[in-house]
Structure formats: C-alpha cells, structure tokens
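Below is one structure, written out as structure tokens, with a few remarks after it.
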Amino acid sequence: MKIGFLGLGKMGAGMAANLLRAGHDVVVWNRSPKKAEPLVAEGAVLARTPREASAGREVIMSILADDAALEHVLLGNDGVLEGLPRGALHISSSTIAVATADRAASLHEERGLRFLSAPVFGRPEAAAAAKLFIVVAGAQPDYTAASALFPAISQKAFYIGEKPSSANLVKLCGNFTILGAIETFAEAMTLAHKGGVSKKQFLEVMTGTLFDTPVYRNYGAALAEERYKPAGFAAPLGLKDMRLVGQSAETLRVPMPVLNVLRDHLLQTIGAEGEDIDWSGIGRTIAKNGGL
C-alpha cells in the first residue's frame with residue numbers, strides 16, 4: 001500500500017521500519033527530520049510536512065506524543081486534513097483522550113475521510129520486532145481494509161467495535177492496569193527485600209508461580225535490577241496517561257482511588273529523578289519511601 005507514517009519516536013520508528021520491510025511504499029514525517037534518516041536509508045521517502053506525507057496516500061498511520069501533537073498534525077498549517085485524498089484512511093495509534101479521539105473522528109467524517117483508532121500495547125523492543133498488540137475500533141469495513149497492514153507490525157489485533165474512541169478508552173485502562181501492576185510488585189518487592197529476601201529471589205518465585213506474564217517478567221526484572229534509564233516509556237508520558245484516565249473516570253463517574261497513588265508516585269519520581277526516567281522508576285520511589 002501507499003502509506004504515510006507520522007511520528008518516528010521510539011515506537012513509530014520500529015513500526016515504520018517493519019512496514020518498509022513488508023514491501024509497502026512508505027513516506028515518513030517527523031517533527032525532528034533527523035530521526036527519519038535510518039528509514040530513508042532503508043527506502044522511505046522523507047516528507048517536509050504532514051500534508052506532504054499524506055498527499056496521495058491510501059492510508060496514513062500516526063503515533064504521536066499526546067493530544068496536542070495529534071491536533072497540530074491534523075489541523076495545523078500544512079496539516080494532514082489538507083493533504084489526504086477523499087476516502088483515505090487514517091489509522092491513529094496515539095494514546096489520547098477519549099474526547100480527542102471523538103473530535104478526530106468527527107473531523108475526518110466531515111471531510112469524507114475514514115478514521116480508525118488503533119493504539120498499541122508493547123514497548124519499543126516489541127515495536128521493532130513486530131510483536132505489538134493493537135486495539136482497533138471504527139467502522140468494520142475500515143478495520144477489514146487495515147487488517148492487511150497489522151501483521152507487519154503486530155502479533156495480534158483486537159477489534160472492539162464501531163466507535164473509534166472505544167479503543168482509546170481500552171488503551172488508557174490498560175496503561176492504568178500496567179502501572180498498577182508495577183506499583184504493587186514494587187511494594188511487595190520492597191517489603192520482601194527489607195525482610196532479607198533478595199529482589200532476584202522474589203522475582204524468580206513470583207514469575208515462576210503466580211505471575212508468569214510479560215508485564216511482571218519485564219517490569220519485575222527492571223525493578224529487581226533498578227534498570228530505569230534509558231526510559232522505554234518515560235514517566236512524564238505515564239503521568240499524561242494517568243491524567244487522561246482521570247478525565248474518563250470523572251466523565252463516567254467511576255471512583256478510582258488507586259489512580260491517585262499512581263499519579264503521586266509518578267510526580268514524586270519525576271521530581272526526584274528527572275524527566276528521562278522510565279515510568280517503572282516509581283519502584284525507586286517506593287523503595288526509598290520504605291527505607292531502602
């Protein structure tokens with residue numbers, strides 16, 4: 001397919017590279033053009049603007065840092081909505097607010113464009129290895145059309161319905177659950193370690209019995225080794241996601257008391273460790289609070 005790809009951060013670079021390797025015709029755009037150089041060397045074409053990246057494309061895919069970045073790419077000078085031909089499909093993998101996804105869907109519909117929300121689960125190494133999980137929502141025919149692309153970037157796609165923002169809500173709930181798992185694992189590890197059990201021993205028992213899942217194996221190893229830099233998923237992005245979870249919780253009138261703990265630990269971690277620490281760095285905060 002003729003694809004425009006916007007956003008070449010740690011996740012997007014791997015996704016775009018896999019689309020290229022699958023034989024697709026890929027035009028890329030990033031706010032910092034230098035990040036596109038490895039992809040251009042593999043055969044991608046570098047666009048100067050989002051509009052140029054979308055002009056004449058059947059499909060565009062985007063994975064951008066936040067709501068403001070997506071809205072700028074859509075509506076800014078030389079934005080995507082000026083370049084996409086009528087009937088083209090935009091697959092948005094950004095982690096954004098439900099309300100932002102609803103606005104984006106409306107903007108596309110008004111212009112005769114198609115829109116899918118398709119946020120992903122997985123860290124940068126999963127993106128590079130085409131092992132992401134994709135949560136997709138939007139019109140069924142659009143999902144069917146996009147399905148041909150998903151094997152190039154993921155191990156599985158989940159279609160959850162016609163309303164695009166449903167996928168964004170699932171993504172936010174998933175990120176809340178991941179951080180909650182990190183929090184409880186870090187608390188338990190701190191308790192065990194202070195009582196004389198090594199972090200490595202605790203991790204081995206937990207992942208060898210009750211919690212043999214990727215979240216506990218991967219983040220548990222980071223906690224045990226205190227491996228928080230370089231960040232795979234920076235704590236400020238996690239804080240942004242928890243803020244968006246809070247917005248949805250308030251809108252839907254769902255109390256989430258654990259959310260406040262997670263948000264406060266992220267704030268404490270960023271304040272003490274800097275902006276470039278992984279969100280699992282809350283483990284360091286929890287250990288310090290526990291006297292370690």
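Order determines the names: the first chain of the structure tokens is A, the second B, and so forth; residues in each chain are numbered 1 upward, and ligands are numbered 1 upward as they are shown.
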
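Look at Ala101 (chain A): the protein and nucleic acid residues within 6 Å of it, using only C-alpha atoms and passing over chain neighbours fewer than 3 places away, are Val98, Ala104 and Ser165 of chain A.
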
Which of region 19-260 of chain A counts as strand (DSSP E or B) under DSSP, as a ChimeraX atom specification please?
/A:25-29,45-46,59-62,89-92,114-117,120-121,132-137,154-159,234

Enumerate the residues of region 98-176 of chain A with a DSSP assignment of helix (DSSP H, G or I), computed from the backbone, and present them as a ChimeraX atom specification.
/A:98-110,124-128,140-146,150-152,165-176

Can you build me a table of region 112-147 of chain A residues sitting at most 9 Å from region 231-254 of chain A, with the closest atom pair per residue and its distance in Å to one decimal, using only C-alpha atoms, sorted by chain and residue number, as CSV?
```
residue,atom,partner,partner_atom,distance
A:Arg123,CA,A:Gly232,CA,6.4
A:Pro124,CA,A:Gly232,CA,6.4
A:Glu125,CA,A:Gly232,CA,8.6
```

Contacts of region 171-183 of chain A within 10 Å, only C-alpha atoms, excl. fewer than 3 positions in-chain, as a PyMOL selection string:
chain A and resi 93-98+118-121+134-136+165-168+186-189+215-216+219-220+222-223+238+241-246+248-249+258-259+261-263+265-266+279-283+286

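Residues in contact range of Ile3 (chain A), defined as at most 7 Å between only C-alpha atoms, with sequence neighbours fewer than 4 positions away removed, read A:Asp25, A:Val26, A:Val27, A:Arg57, A:Glu58, A:Val59, A:Ile60.
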
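The closest residue to Ala287 (chain A), picked from A:Gln201, A:Asn18, A:Thr269, A:Asn218 and counting only C-alpha atoms, is A:Thr269.
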
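Note that the spacing between CA of Gly12 (chain A) and CA of Arg111 (chain A) amounts to 25.9 Å.
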
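By only C-alpha atoms, and with residues fewer than 6 positions from Gly4 (chain A) along its chain excluded, the set lying at most 10 Å from it is A:Ala16, A:Asp25, A:Val26, A:Val27, A:Val28, A:Trp29, A:Ala44, A:Val45, A:Leu46, A:Ala47, A:Pro50, A:Arg51, A:Glu52, A:Ala53, A:Ser54, A:Ala55, A:Gly56, A:Arg57, A:Glu58, A:Val59, A:Ile60, A:Met61, A:Ser62, A:Val80, A:Leu84, A:His90.
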